Amino acid sequence: MKCSSITAAVLLAVPLWEGSTGLALASAREVRMFDTPPSVEELQQDLAPHRSRSIEIPGVASPAPAAVNDSRQPAAQVTDAPAKPVAQEKPVTVGFHIQFAFNSVQILAESRPFLDQLGKVMQAEPKLSVAIEGHTDAKGGDAYNMTLSKRRAESVKAYLVRTWSLDPNRMTVEGKGKSEPLVADPFAAENRRVQFRPLSAGESS
């Protein structure tokens with residue numbers, strides 16, 4: 001499996017760790033973490049699912065040709081039935097364990113393929129806007145981690161704009177610091193990640 005899904009129901013059921021300072025496990029929504037670079041199709045399905053354009057109209061009969069001079073053949077009737085609604089899939093947040101140089105915002109080469117796949121999706125989906133969320137583990141102080149996570153999110157945005165010629169207005173940046181760990185151990189490497197949350201039409205981008 002390329003990815004693992006972690007839901008709020010599972011995460012919030014885990015108690016806070018001993019000595020915590022009000023931190024709670026992420027997240028208020030589902031987060032799908034990818035351990036290897038996903039395909040464009042996988043990211044599109046998660047970030048920008050499309051409703052099927054095919055419309056099934058049951059109960060519609062084609063009119064039969066009328067018989068000439070035969071009053072016993074009634075005209076065929078056509079019954080118009082309403083189109084069956086097609087459910088719209090809900091976008092989900094995706095996450096990558098983006099690697100940075102130590103105490104730096106420099107994106108390491110092994111993490112760029114993840115971002116390149118996202119860049120391709122955003123080029124293919126011009127209406128897609130995302131919030132880029134930086135997350136750290138619990139090493140270091142609150143203010144330090146909050147600042148570092150935001151700077152790293154900004155570095156990811158700059159990479160996408162520079163490499164894939166994306167409109168910067170399609171991306172917002174948020175630093176979460178260590179406030180939303182993904183797993184119960186606050187110092188675990190899994191908590192160091194960058195998440196991409198699709199923005200709804202009403203959200204500022």
# chains A, B, ... in the order shown; residues from 1 in each chain; ligands from 1
call {"tool": "residues_around", "arguments": {"residues": "Arg152 of chain A", "least_positions_apart": "5", "cutoff": "10 Å", "atoms": "only C-alpha atoms", "output": "number ranges by chain"}}
result
A: 98-100, 104-107, 132-136, 147, 157-158, 173-175, 193-194
call {"tool": "atom_distance", "arguments": {"atom1": "atom CA of Ser149 of chain A", "atom2": "atom CA of Asn191 of chain A"}}
result
11.4 Å
call {"tool": "atom_distance", "arguments": {"atom1": "atom CA of Thr172 of chain A", "atom2": "atom CA of Leu199 of chain A"}}
result
9.0 Å
call {"tool": "atom_distance", "arguments": {"atom1": "atom CA of Val40 of chain A", "atom2": "atom CA of Ala189 of chain A"}}
result
25.8 Å
call {"tool": "residues_around", "arguments": {"residues": "Val161 of chain A", "least_positions_apart": "6", "cutoff": "12 Å", "atoms": "only C-alpha atoms", "output": "list in words"}}
result
Leu115, Asp116, Leu118, Gly119, Lys120, Met122, Gln123, Glu154, Ser155, Asp167, Pro168, Asn169, Arg170 and Met171 of chain A
call {"tool": "residues_around", "arguments": {"residues": "Gln44 of chain A", "least_positions_apart": "3", "cutoff": "9 Å", "atoms": "only C-alpha atoms", "output": "PyMOL selection string"}}
result
chain A and resi 39-41+47-50+118+121-122+124-125
call {"tool": "write_last_selection", "arguments": {"atoms": "C-alpha atoms", "output": "mmCIF file, in the first residue's frame"}}
result
data_model
loop_
_atom_site.group_PDB
_atom_site.id
_atom_site.type_symbol
_atom_site.label_atom_id
_atom_site.label_comp_id
_atom_site.auth_asym_id
_atom_site.auth_seq_id
_atom_site.Cartn_x
_atom_site.Cartn_y
_atom_site.Cartn_z
ATOM 1 C CA SER A 39 0.231 8.934 -8.975
ATOM 2 C CA VAL A 40 -1.480 11.976 -10.424
ATOM 3 C CA GLU A 41 -4.710 9.971 -10.575
ATOM 4 C CA LEU A 47 -7.977 16.445 -3.700
ATOM 5 C CA ALA A 48 -10.306 17.107 -6.626
ATOM 6 C CA PRO A 49 -12.811 14.279 -7.082
ATOM 7 C CA HIS A 50 -15.162 14.798 -10.002
ATOM 8 C CA LEU A 118 1.088 17.682 -6.612
ATOM 9 C CA VAL A 121 -2.348 17.819 -10.329
ATOM 10 C CA MET A 122 -2.680 21.557 -9.739
ATOM 11 C CA ALA A 124 -4.421 19.728 -14.483
ATOM 12 C CA GLU A 125 -7.005 21.111 -12.017
#
call {"tool": "closest_residue", "arguments": {"among": "A:Ser200, A:Ser129, A:Ser179, A:Thr163", "to": "Pro113 of chain A", "atoms": "only C-alpha atoms"}}
result
A:Thr163
call {"tool": "residues_around", "arguments": {"residues": "Val94 of chain A", "least_positions_apart": "6", "cutoff": "9 Å", "atoms": "only C-alpha atoms", "output": "PyMOL selection string"}}
result
chain A and resi 30-34+43+46-47+194-198
